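Structure file data36.cif (mmCIF, C-alpha atoms) is printed below.
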data_target
loop_
_atom_site.label_atom_id
_atom_site.label_comp_id
_atom_site.auth_asym_id
_atom_site.auth_seq_id
_atom_site.Cartn_x
_atom_site.Cartn_y
_atom_site.Cartn_z
CA MET E 810 206.63 -15.87 -61.58
CA SER E 811 207.43 -17.49 -58.23
CA MET E 812 205.15 -14.95 -56.52
CA ASN E 813 202.13 -16.77 -57.90
CA LYS E 814 203.30 -20.28 -57.08
CA SER E 815 201.11 -20.46 -54.00
CA LYS E 816 198.07 -18.90 -55.72
CA ARG E 817 195.42 -21.55 -56.19
CA ILE E 818 192.62 -20.61 -58.59
CA LEU E 819 189.35 -22.54 -58.79
CA VAL E 820 188.15 -22.67 -62.43
CA ALA E 821 184.50 -23.74 -62.74
CA PRO E 822 182.78 -23.93 -66.16
CA LEU E 823 179.06 -24.66 -66.56
CA ASN E 824 178.23 -28.09 -67.98
CA TRP E 825 175.87 -26.99 -70.79
CA GLY E 826 177.19 -28.34 -74.06
CA LEU E 827 180.99 -28.31 -74.12
CA GLY E 828 181.53 -24.63 -74.94
CA HIS E 829 182.03 -23.30 -71.41
CA ALA E 830 184.65 -25.97 -70.70
CA THR E 831 186.52 -25.56 -74.01
CA ARG E 832 186.77 -21.77 -73.78
CA CYS E 833 188.29 -22.19 -70.29
CA ILE E 834 191.19 -24.17 -71.84
CA PRO E 835 193.17 -21.06 -72.94
CA ILE E 836 192.49 -19.48 -69.50
CA ILE E 837 193.74 -22.61 -67.68
CA ASN E 838 196.85 -22.72 -69.92
CA ALA E 839 197.50 -19.00 -69.22
CA LEU E 840 197.15 -19.60 -65.45
CA LEU E 841 199.73 -22.40 -65.68
CA GLU E 842 202.08 -20.25 -67.82
CA ASN E 843 201.84 -17.44 -65.25
CA GLY E 844 202.71 -19.72 -62.34
CA TYR E 845 199.24 -20.20 -60.81
CA THR E 846 197.80 -23.56 -59.77
CA PRO E 847 194.40 -24.10 -61.43
CA ILE E 848 191.96 -26.45 -59.69
CA ILE E 849 189.03 -27.52 -61.89
CA ALA E 850 185.45 -27.90 -60.66
CA SER E 851 182.47 -28.87 -62.84
CA ASP E 852 180.27 -31.88 -63.60
CA GLY E 853 179.32 -34.27 -66.41
CA ASP E 854 180.80 -33.93 -69.90
CA ALA E 855 182.46 -30.58 -69.13
CA LEU E 856 184.41 -32.16 -66.24
CA ASN E 857 185.31 -35.25 -68.32
CA LEU E 858 186.56 -33.12 -71.21
CA LEU E 859 188.85 -31.07 -68.94
CA LYS E 860 190.16 -34.25 -67.25
CA LYS E 861 191.23 -35.48 -70.70
CA GLU E 862 192.85 -32.12 -71.53
CA PHE E 863 194.64 -31.65 -68.18
CA PRO E 864 195.22 -35.13 -66.69
CA LYS E 865 197.71 -33.79 -64.10
CA LEU E 866 195.44 -31.18 -62.53
CA GLU E 867 193.22 -31.55 -59.46
CA PHE E 868 189.47 -31.99 -60.12
CA HIS E 869 186.31 -31.66 -58.02
CA GLU E 870 182.70 -32.40 -58.89
CA LEU E 871 180.01 -29.75 -58.44
CA PRO E 872 176.24 -30.33 -58.23
CA SER E 873 174.65 -30.71 -61.66
CA TYR E 874 172.15 -28.13 -62.97
CA LYS E 875 170.53 -31.10 -64.80
CA ILE E 876 169.84 -28.92 -67.85
CA LYS E 877 167.94 -30.68 -70.60
CA TYR E 878 166.21 -29.22 -73.63
CA ALA E 879 162.57 -29.75 -74.46
CA LYS E 880 161.99 -31.92 -77.54
CA LYS E 881 160.03 -29.12 -79.19
CA GLY E 882 161.79 -25.78 -79.51
CA LYS E 883 158.73 -23.75 -78.56
CA ASN E 884 158.66 -25.53 -75.18
CA PHE E 885 162.24 -24.45 -74.44
CA LYS E 886 161.40 -21.49 -72.20
CA MET E 887 158.62 -23.36 -70.36
CA LYS E 888 161.02 -26.24 -69.70
CA MET E 889 163.68 -23.84 -68.38
CA LEU E 890 161.14 -22.20 -66.05
CA TRP E 891 159.86 -25.60 -65.01
CA ASP E 892 163.41 -26.65 -64.20
CA SER E 893 164.20 -23.46 -62.31
CA PRO E 894 163.41 -24.79 -58.78
CA LYS E 895 165.87 -27.63 -59.55
CA MET E 896 168.33 -25.09 -60.86
CA LEU E 897 168.00 -22.80 -57.83
CA LYS E 898 168.52 -25.80 -55.57
CA ALA E 899 171.69 -26.75 -57.51
CA ILE E 900 172.94 -23.13 -57.23
CA GLN E 901 172.38 -23.22 -53.44
CA GLN E 902 174.30 -26.51 -53.19
CA GLU E 903 176.99 -25.08 -55.44
CA LYS E 904 177.43 -22.08 -53.10
CA LYS E 905 177.89 -24.37 -50.09
CA GLU E 906 180.28 -26.62 -52.00
CA THR E 907 182.32 -23.60 -53.23
CA LYS E 908 182.65 -22.27 -49.68
CA ARG E 909 183.80 -25.71 -48.49
CA LEU E 910 186.31 -26.09 -51.35
CA ALA E 911 187.60 -22.52 -50.87
CA LYS E 912 188.35 -23.22 -47.19
CA GLU E 913 189.61 -26.81 -47.47
CA LEU E 914 191.79 -26.27 -50.54
CA ASN E 915 193.04 -22.78 -49.55
CA ILE E 916 191.68 -21.24 -52.76
CA ASP E 917 193.04 -17.75 -53.56
CA GLY E 918 190.65 -16.85 -56.35
CA ILE E 919 187.72 -18.10 -58.41
CA ILE E 920 186.94 -18.04 -62.15
CA SER E 921 183.35 -19.09 -62.80
CA ASP E 922 182.23 -19.54 -66.39
CA ASN E 923 178.48 -19.06 -66.06
CA ARG E 924 178.14 -21.10 -62.85
CA LEU E 925 175.94 -18.77 -60.84
CA GLY E 926 176.69 -20.17 -57.39
CA VAL E 927 180.48 -20.51 -57.68
CA PHE E 928 181.24 -17.45 -55.60
CA TYR E 929 182.83 -16.88 -52.19
CA LYS E 930 182.83 -13.35 -50.84
CA LYS E 931 186.15 -13.62 -48.98
CA ILE E 932 188.30 -14.10 -52.10
CA PRO E 933 188.51 -12.38 -55.52
CA CYS E 934 185.88 -13.87 -57.85
CA VAL E 935 185.57 -13.48 -61.62
CA PHE E 936 182.54 -14.34 -63.78
CA ILE E 937 183.02 -15.21 -67.47
CA THR E 938 180.03 -14.64 -69.75
CA HIS E 939 179.22 -13.31 -73.20
CA GLN E 940 175.59 -12.83 -72.07
CA LEU E 941 175.29 -9.44 -70.45
CA ASN E 942 171.88 -9.49 -72.13
CA VAL E 943 170.14 -12.87 -71.77
CA LEU E 944 167.72 -13.40 -74.66
CA THR E 945 164.51 -15.20 -73.69
CA GLY E 946 161.97 -13.56 -76.02
CA LYS E 947 159.40 -11.44 -74.20
CA THR E 948 161.05 -12.11 -70.82
CA THR E 949 164.52 -10.86 -71.95
CA TRP E 950 164.30 -7.83 -69.63
CA MET E 951 163.73 -10.11 -66.63
CA SER E 952 166.33 -12.79 -67.42
CA THR E 953 168.87 -10.02 -68.15
CA LYS E 954 168.14 -8.21 -64.86
CA LEU E 955 168.43 -11.44 -62.84
CA HIS E 956 171.70 -12.36 -64.57
CA GLN E 957 173.22 -8.89 -64.06
CA ASN E 958 172.24 -8.96 -60.37
CA ILE E 959 174.25 -12.16 -59.99
CA ILE E 960 177.22 -10.78 -61.99
CA LYS E 961 177.29 -7.70 -59.68
CA LYS E 962 178.47 -9.87 -56.79
CA PHE E 963 181.67 -10.79 -58.63
CA ASP E 964 184.75 -8.54 -58.58
CA GLU E 965 185.09 -8.62 -62.36
CA CYS E 966 183.13 -9.82 -65.36
CA TRP E 967 185.23 -11.09 -68.27
CA VAL E 968 183.54 -10.99 -71.68
CA PRO E 969 185.22 -13.12 -74.37
CA ASP E 970 184.73 -10.65 -77.22
CA THR E 971 186.09 -7.36 -78.55
CA GLN E 972 184.62 -4.22 -77.01
CA LYS E 973 184.13 -2.32 -80.27
CA ASN E 974 182.93 -3.26 -83.75
CA PRO E 975 183.49 -5.63 -85.43
CA ASN E 976 182.58 -8.11 -82.70
CA LEU E 977 181.04 -11.58 -82.45
CA SER E 978 178.39 -11.29 -79.72
CA GLY E 979 176.50 -8.14 -80.81
CA LYS E 980 173.94 -7.02 -78.23
CA LEU E 981 174.57 -10.14 -76.09
CA GLY E 982 177.97 -8.99 -74.85
CA HIS E 983 177.59 -5.21 -75.04
CA LEU E 984 175.62 -2.83 -72.80
CA LYS E 985 174.91 0.86 -73.41
CA ASN E 986 175.34 1.81 -69.76
CA SER E 987 176.65 -0.49 -67.10
CA LYS E 988 177.96 -0.31 -63.55
CA LEU E 989 179.42 -3.81 -63.91
CA ASN E 990 183.22 -4.12 -63.78
CA ILE E 991 183.61 -5.50 -67.33
CA LYS E 992 186.85 -6.52 -69.05
CA TYR E 993 186.80 -7.54 -72.73
CA LEU E 994 189.22 -10.39 -73.45
CA GLY E 995 188.72 -10.67 -77.21
CA PRO E 996 187.37 -14.00 -78.54
CA LEU E 997 188.83 -17.00 -76.68
CA SER E 998 189.75 -20.17 -78.50
CA ARG E 999 191.82 -23.22 -77.65
CA PHE E 1000 192.76 -23.51 -81.37
CA LYS E 1001 195.40 -22.11 -83.74
CA LYS E 1002 195.06 -21.57 -87.48
CA ILE E 1003 197.32 -23.95 -89.43
CA ASP E 1004 197.51 -24.10 -93.23
CA LEU E 1005 196.93 -27.76 -94.03
CA PRO E 1006 195.81 -29.53 -97.23
CA LYS E 1007 192.02 -29.96 -97.21
CA LYS E 1008 190.95 -33.57 -96.56
CA TYR E 1009 187.23 -33.01 -96.05
CA GLU E 1010 184.69 -31.08 -98.09
CA LEU E 1011 182.46 -30.92 -95.03
CA MET E 1012 182.89 -31.37 -91.29
CA VAL E 1013 179.89 -31.89 -89.03
CA LEU E 1014 180.59 -30.68 -85.50
CA LEU E 1015 177.84 -31.49 -83.03
CA SER E 1016 177.49 -30.31 -79.44
CA GLY E 1017 174.95 -29.21 -76.86
CA PRO E 1018 172.58 -30.89 -74.44
CA GLU E 1019 170.25 -33.76 -75.24
CA PRO E 1020 167.82 -34.58 -76.75
CA GLN E 1021 168.46 -31.92 -79.41
CA ARG E 1022 172.03 -33.07 -80.12
CA SER E 1023 170.80 -36.60 -81.03
CA MET E 1024 167.89 -35.22 -83.03
CA LEU E 1025 170.22 -33.16 -85.22
CA GLU E 1026 172.58 -36.13 -85.56
CA GLU E 1027 169.77 -38.30 -86.96
CA LYS E 1028 168.59 -35.52 -89.26
CA LEU E 1029 172.09 -34.97 -90.69
CA PHE E 1030 172.73 -38.68 -91.26
CA ASP E 1031 169.44 -38.88 -93.20
CA GLU E 1032 170.42 -35.87 -95.31
CA LEU E 1033 174.01 -37.00 -95.97
CA ILE E 1034 172.92 -40.28 -97.55
CA GLY E 1035 173.19 -38.84 -101.07
CA TYR E 1036 176.30 -36.72 -100.39
CA GLU E 1037 179.31 -37.99 -102.32
CA ASN E 1038 182.17 -35.83 -101.04
CA ASP E 1039 184.35 -36.67 -98.02
CA VAL E 1040 182.74 -35.85 -94.66
CA LEU E 1041 184.13 -35.89 -91.14
CA PHE E 1042 181.33 -36.31 -88.60
CA VAL E 1043 182.13 -35.55 -84.93
CA LYS E 1044 179.20 -36.40 -82.64
CA GLY E 1045 180.46 -34.44 -79.63
CA LYS E 1046 179.73 -37.28 -77.17
CA VAL E 1047 182.53 -37.42 -74.60
CA GLU E 1048 182.89 -41.12 -73.73
CA GLU E 1049 185.54 -43.26 -72.05
CA GLU E 1050 187.06 -44.36 -75.34
CA GLN E 1051 187.28 -42.76 -78.73
CA LYS E 1052 185.33 -44.72 -81.36
CA ILE E 1053 185.88 -44.29 -85.10
CA THR E 1054 183.48 -45.78 -87.66
CA SER E 1055 182.63 -45.00 -91.27
CA LEU E 1056 179.51 -44.83 -93.40
CA ARG E 1057 179.58 -45.72 -97.11
CA GLY E 1058 183.33 -45.08 -97.26
CA ASN E 1059 183.10 -41.28 -97.58
CA ILE E 1060 181.81 -40.39 -94.08
CA VAL E 1061 184.23 -40.87 -91.17
CA ILE E 1062 182.49 -40.77 -87.78
CA TYR E 1063 184.09 -39.97 -84.40
CA ASN E 1064 182.21 -39.96 -81.08
CA PHE E 1065 184.55 -37.15 -79.89
CA MET E 1066 188.01 -35.71 -80.49
CA ASN E 1067 190.48 -34.09 -78.12
CA SER E 1068 191.56 -30.49 -78.73
CA LYS E 1069 194.67 -31.25 -80.79
CA ALA E 1070 192.86 -33.65 -83.14
CA LEU E 1071 189.88 -31.30 -83.46
CA GLU E 1072 192.13 -28.34 -84.25
CA ARG E 1073 193.78 -30.34 -87.03
CA ALA E 1074 190.47 -31.68 -88.39
CA ILE E 1075 188.80 -28.24 -88.59
CA ASN E 1076 191.90 -26.84 -90.31
CA GLU E 1077 191.69 -29.75 -92.81
CA SER E 1078 188.01 -29.11 -93.60
CA LYS E 1079 186.64 -26.70 -96.21
CA ALA E 1080 183.35 -25.95 -94.43
CA ILE E 1081 181.79 -26.70 -91.05
CA ILE E 1082 178.17 -27.48 -90.29
CA CYS E 1083 177.35 -26.90 -86.62
CA ARG E 1084 175.25 -25.17 -83.97
CA SER E 1085 175.68 -21.42 -83.60
CA GLY E 1086 176.85 -21.66 -79.99
CA TYR E 1087 179.09 -18.77 -79.01
CA THR E 1088 182.21 -20.85 -78.30
CA THR E 1089 181.91 -22.51 -81.71
CA LEU E 1090 181.76 -19.04 -83.31
CA MET E 1091 184.95 -18.02 -81.47
CA ASP E 1092 186.74 -21.20 -82.61
CA LEU E 1093 185.67 -20.81 -86.25
CA ALA E 1094 186.68 -17.13 -86.26
CA LYS E 1095 190.15 -18.07 -84.98
CA LEU E 1096 190.48 -20.68 -87.76
CA GLU E 1097 188.84 -18.40 -90.37
CA LYS E 1098 186.33 -21.00 -91.54
CA LYS E 1099 183.30 -21.05 -93.79
CA ALA E 1100 180.29 -22.46 -91.95
CA PHE E 1101 176.61 -23.35 -92.04
CA PHE E 1102 174.72 -22.79 -88.78
CA ILE E 1103 171.73 -24.75 -87.47
CA PRO E 1104 170.71 -23.12 -84.15
CA THR E 1105 169.35 -25.28 -81.34
CA PRO E 1106 165.54 -25.00 -81.67
CA GLY E 1107 164.08 -22.48 -79.23
CA GLN E 1108 167.44 -21.22 -78.01
CA PHE E 1109 167.07 -17.48 -78.58
CA GLU E 1110 170.78 -16.73 -78.24
CA GLN E 1111 171.87 -19.21 -80.94
CA GLU E 1112 169.06 -18.03 -83.22
CA TYR E 1113 170.14 -14.40 -82.73
CA LEU E 1114 173.84 -15.15 -83.40
CA ALA E 1115 173.08 -17.20 -86.54
CA LYS E 1116 170.71 -14.53 -87.94
CA ARG E 1117 173.24 -11.76 -87.19
CA LEU E 1118 176.03 -13.55 -89.11
CA HIS E 1119 173.61 -14.36 -91.94
CA LYS E 1120 172.62 -10.67 -92.23
CA LYS E 1121 176.28 -9.63 -92.25
CA GLY E 1122 176.96 -12.03 -95.13
CA VAL E 1123 179.28 -14.18 -93.00
CA ALA E 1124 177.49 -17.56 -92.97
CA PRO E 1125 174.13 -19.03 -94.05
CA THR E 1126 171.66 -20.53 -91.57
CA CYS E 1127 168.32 -22.31 -91.41
CA SER E 1128 166.22 -24.10 -88.82
CA GLN E 1129 166.74 -27.77 -87.94
CA ASP E 1130 163.37 -28.72 -89.49
CA GLU E 1131 164.06 -26.87 -92.74
CA PHE E 1132 167.57 -28.20 -93.30
CA THR E 1133 168.24 -30.20 -96.47
CA ILE E 1134 171.54 -31.04 -98.12
CA ASP E 1135 170.78 -28.48 -100.89
CA GLU E 1136 171.10 -25.68 -98.30
CA LEU E 1137 174.86 -26.28 -98.23
CA LYS E 1138 175.20 -24.80 -101.74
CA LYS E 1139 174.70 -21.37 -100.14
CA ILE E 1140 178.00 -21.56 -98.22
CA LYS E 1141 180.08 -20.36 -101.16
CA GLU E 1142 178.06 -17.11 -101.38
CA TYR E 1143 179.14 -16.06 -97.85
CA SER E 1144 182.48 -14.64 -96.65
CA GLY E 1145 183.13 -17.03 -93.75
CA LEU E 1146 184.33 -16.04 -90.28
CA LYS E 1147 187.41 -13.89 -89.78
CA GLN E 1148 190.00 -13.73 -87.02
CA PHE E 1149 190.07 -10.86 -84.51
CA LYS E 1150 193.31 -9.24 -83.42
CA ASN E 1151 193.91 -10.36 -79.86
CA ASP E 1152 196.69 -8.94 -77.70
CA LEU E 1153 195.38 -9.95 -74.30
CA ASN E 1154 197.85 -9.47 -71.45
CA TYR E 1155 197.11 -12.33 -69.05
CA THR E 1156 199.59 -11.08 -66.43
CA LEU E 1157 197.58 -7.86 -66.05
CA LEU E 1158 194.28 -9.73 -66.26
CA PHE E 1159 195.24 -12.03 -63.38
CA ASP E 1160 196.11 -9.04 -61.16
CA VAL E 1161 192.59 -9.34 -59.75
CA PHE E 1162 193.82 -12.34 -57.72
CA SER E 1163 196.42 -10.20 -55.94
CA LYS E 1164 193.76 -8.07 -54.29
CA VAL E 1165 193.03 -8.65 -50.62
CA LYS E 1166 189.35 -8.54 -49.79
CA GLU E 1167 187.88 -7.47 -46.49
CA ASN E 1168 184.48 -8.99 -46.56
CA SER E 1169 183.07 -9.49 -43.14
CA ASP E 1170 179.63 -8.26 -44.23
CA PRO E 1171 177.61 -10.16 -46.79
CA THR E 1172 177.34 -8.43 -50.16
CA PRO E 1173 173.80 -7.13 -50.67
CA THR E 1174 172.13 -8.42 -53.83
CA THR E 1175 168.59 -8.22 -55.13
CA LEU E 1176 168.54 -11.88 -56.20
CA SER E 1177 168.73 -14.44 -53.48
CA THR E 1178 170.04 -17.61 -55.07
#
Write the structure described by the file as structure tokens, please.
Amino acid sequence: MSMNKSKRILVAPLNWGLGHATRCIPIINALLENGYTPIIASDGDALNLLKKEFPKLEFHELPSYKIKYAKKGKNFKMKMLWDSPKMLKAIQQEKKETKRLAKELNIDGIISDNRLGVFYKKIPCVFITHQLNVLTGKTTWMSTKLHQNIIKKFDECWVPDTQKNPNLSGKLGHLKNSKLNIKYLGPLSRFKKIDLPKKYELMVLLSGPEPQRSMLEEKLFDELIGYENDVLFVKGKVEEEQKITSLRGNIVIYNFMNSKALERAINESKAIICRSGYTTLMDLAKLEKKAFFIPTPGQFEQEYLAKRLHKKGVAPTCSQDEFTIDELKKIKEYSGLKQFKNDLNYTLLFDVFSKVKENSDPTPTTLST
């Protein structure tokens, strides 16, 4: 264990919803357990969440991608393309900042969860993604090619899913032929399944970028007016202080919860209503929950994942516009999510950081970011 004491690993999750940050929690814990020193780099809510989870670690702020959703789902792709010059600029700044941090902090390795510019060619670098195929409708071939060209620069690509069936990500995390150096980790979750008495009939778990998070929040409050069972409503807004309020006595509202409280609350709830973000799927599978999914409008990946689970009889889904409280009756007809056997050996996984790289020449890549 002492061998790794001096190994300093930069862990950098993307700030897009909270999923990238939360799925890094088990990785950060494993680094600590194996004697490494994790140093966290991100921005916004993702950075704030990890500061609350790991108050003793060292933190650094990276340039923001400034990702926001369009108000109308159909404008999602146009808005992403429109934002791309901003995004490319942030990736360029991120590269410079990573190089500076790597030198100044004597970083021995990098784990980037979907941050495209957090890469430094002189040290071992790992990219975490479940999107080997990036779904963008008719432009899927292009977004996938661009993404894979970036992944190629990294020494390894870690996919948080099982390699064979059954799996959670479907075509997102599985390629027919690939030259990428892929390792399948099995689904990653910060949670553990605990058998607790059920306190809530329904738990609402919101997340994701604005304005769509707020729009769903308003929609659900309108729909829950006539609901008489006990509801726990977690807004997913990471703020300085936790605020707890209640609505009509049967709906308890939190602005956010830390991991321990959230783990307990999900275990105490019969069914979860939430987005079909990939990290949420991994968490619900670990806790073996019944769920109802409302994908973020216009986000192809969430729509694909929700439809796939619906077709497999796992969980019902509908669009944000179509949702009514009556839809929840469908939950009992579906099987719910199931846990995957996971015997990941972190000691072997972290071997990548023992490799010495000789990188005097820049790595050729077809995408200049």
Å distance separating atom CA of Lys992 of chain E from atom CA of Cys966 of chain E, one decimal place:
6.2 Å
Spatial neighbours of Pro1104 of chain E, max dist 6 Å, all atoms listed in the file, sep filter under 2 positions, as number ranges by chain:
E: 1084-1085, 1111-1112
E:Leu897, E:Ile991, E:Leu1118, E:Ala850: which is nearest Gly979 of chain E, counting only C-alpha atoms?
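Looking at the shortest contact to Gly979 of chain E, the residue is E:Leu1118.
Proximity ranking of E:Gly1107, E:Pro894, E:Pro835, E:Pro975 relative to Leu1146 of chain E places E:Pro975 first, based on all atoms listed in the file.
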Can you tell me, as a count of residues only, what residues are no more than 8 Å from Ile1075 of chain E when counting all atoms listed in the file, ignoring any on the same chain fewer than 6 positions away?
3
With distances taken over all atoms listed in the file, which of E:Leu1015, E:Lys954, E:Lys1166, E:Leu1157 is nearest to Lys931 of chain E?
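Distance minimum relative to Lys931 of chain E lands on E:Lys1166.
With only C-alpha atoms as the atoms that count, the residue of E:Ser998, E:Gln940, E:Pro1106, E:Ile920 with the shortest distance to Pro1020 of chain E is E:Pro1106.
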Where atoms are absent from segment 966-983 of chain E, fill them in so it carries N, CA, C and O atoms, then output it as an mmCIF file, in the coordinates of the input.
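Heads up, here's the output in selection_0.cif:
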data_model
loop_
_atom_site.group_PDB
_atom_site.id
_atom_site.type_symbol
_atom_site.label_atom_id
_atom_site.label_comp_id
_atom_site.auth_asym_id
_atom_site.auth_seq_id
_atom_site.Cartn_x
_atom_site.Cartn_y
_atom_site.Cartn_z
ATOM 1 N N CYS E 966 183.829 -9.008 -64.369
ATOM 2 C CA CYS E 966 183.130 -9.820 -65.360
ATOM 3 C C CYS E 966 183.964 -9.808 -66.636
ATOM 4 O O CYS E 966 184.227 -8.742 -67.193
ATOM 5 N N TRP E 967 184.407 -10.995 -67.063
ATOM 6 C CA TRP E 967 185.230 -11.090 -68.270
ATOM 7 C C TRP E 967 184.353 -11.511 -69.445
ATOM 8 O O TRP E 967 183.683 -12.559 -69.392
ATOM 9 N N VAL E 968 184.347 -10.692 -70.484
ATOM 10 C CA VAL E 968 183.540 -10.990 -71.680
ATOM 11 C C VAL E 968 184.476 -11.407 -72.816
ATOM 12 O O VAL E 968 185.335 -10.628 -73.228
ATOM 13 N N PRO E 969 184.335 -12.660 -73.304
ATOM 14 C CA PRO E 969 185.220 -13.120 -74.370
ATOM 15 C C PRO E 969 184.799 -12.573 -75.742
ATOM 16 O O PRO E 969 184.240 -13.286 -76.571
ATOM 17 N N ASP E 970 185.061 -11.306 -75.958
ATOM 18 C CA ASP E 970 184.730 -10.650 -77.220
ATOM 19 C C ASP E 970 185.493 -9.328 -77.284
ATOM 20 O O ASP E 970 186.057 -8.892 -76.282
ATOM 21 N N THR E 971 185.491 -8.691 -78.452
ATOM 22 C CA THR E 971 186.090 -7.360 -78.550
ATOM 23 C C THR E 971 185.050 -6.335 -78.095
ATOM 24 O O THR E 971 183.844 -6.563 -78.231
ATOM 25 N N GLN E 972 185.524 -5.233 -77.552
ATOM 26 C CA GLN E 972 184.620 -4.220 -77.010
ATOM 27 C C GLN E 972 183.918 -3.439 -78.130
ATOM 28 O O GLN E 972 182.746 -3.129 -78.045
ATOM 29 N N LYS E 973 184.680 -3.147 -79.190
ATOM 30 C CA LYS E 973 184.130 -2.320 -80.270
ATOM 31 C C LYS E 973 183.794 -3.194 -81.477
ATOM 32 O O LYS E 973 184.108 -4.374 -81.514
ATOM 33 N N ASN E 974 183.188 -2.564 -82.492
ATOM 34 C CA ASN E 974 182.930 -3.260 -83.750
ATOM 35 C C ASN E 974 184.219 -3.423 -84.544
ATOM 36 O O ASN E 974 185.065 -2.552 -84.462
ATOM 37 N N PRO E 975 184.395 -4.490 -85.330
ATOM 38 C CA PRO E 975 183.490 -5.630 -85.430
ATOM 39 C C PRO E 975 183.628 -6.532 -84.201
ATOM 40 O O PRO E 975 184.710 -6.638 -83.631
ATOM 41 N N ASN E 976 182.535 -7.154 -83.814
ATOM 42 C CA ASN E 976 182.580 -8.110 -82.700
ATOM 43 C C ASN E 976 181.702 -9.303 -83.019
ATOM 44 O O ASN E 976 180.975 -9.306 -84.009
ATOM 45 N N LEU E 977 181.771 -10.337 -82.175
ATOM 46 C CA LEU E 977 181.040 -11.580 -82.450
ATOM 47 C C LEU E 977 179.700 -11.672 -81.734
ATOM 48 O O LEU E 977 178.781 -12.308 -82.217
ATOM 49 N N SER E 978 179.583 -11.033 -80.563
ATOM 50 C CA SER E 978 178.390 -11.290 -79.720
ATOM 51 C C SER E 978 177.266 -10.277 -79.918
ATOM 52 O O SER E 978 176.159 -10.486 -79.432
ATOM 53 N N GLY E 979 177.550 -9.138 -80.594
ATOM 54 C CA GLY E 979 176.500 -8.140 -80.810
ATOM 55 C C GLY E 979 175.918 -7.644 -79.505
ATOM 56 O O GLY E 979 176.647 -7.376 -78.545
ATOM 57 N N LYS E 980 174.581 -7.580 -79.433
ATOM 58 C CA LYS E 980 173.940 -7.020 -78.230
ATOM 59 C C LYS E 980 174.069 -7.948 -77.006
ATOM 60 O O LYS E 980 173.858 -7.516 -75.881
ATOM 61 N N LEU E 981 174.430 -9.214 -77.227
ATOM 62 C CA LEU E 981 174.570 -10.140 -76.090
ATOM 63 C C LEU E 981 175.658 -9.664 -75.131
ATOM 64 O O LEU E 981 175.465 -9.653 -73.920
ATOM 65 N N GLY E 982 176.809 -9.290 -75.698
ATOM 66 C CA GLY E 982 177.970 -8.990 -74.850
ATOM 67 C C GLY E 982 178.284 -7.519 -74.705
ATOM 68 O O GLY E 982 179.368 -7.152 -74.252
ATOM 69 N N HIS E 983 177.331 -6.650 -75.097
ATOM 70 C CA HIS E 983 177.590 -5.210 -75.040
ATOM 71 C C HIS E 983 176.397 -4.461 -74.450
ATOM 72 O O HIS E 983 175.264 -4.666 -74.879
#
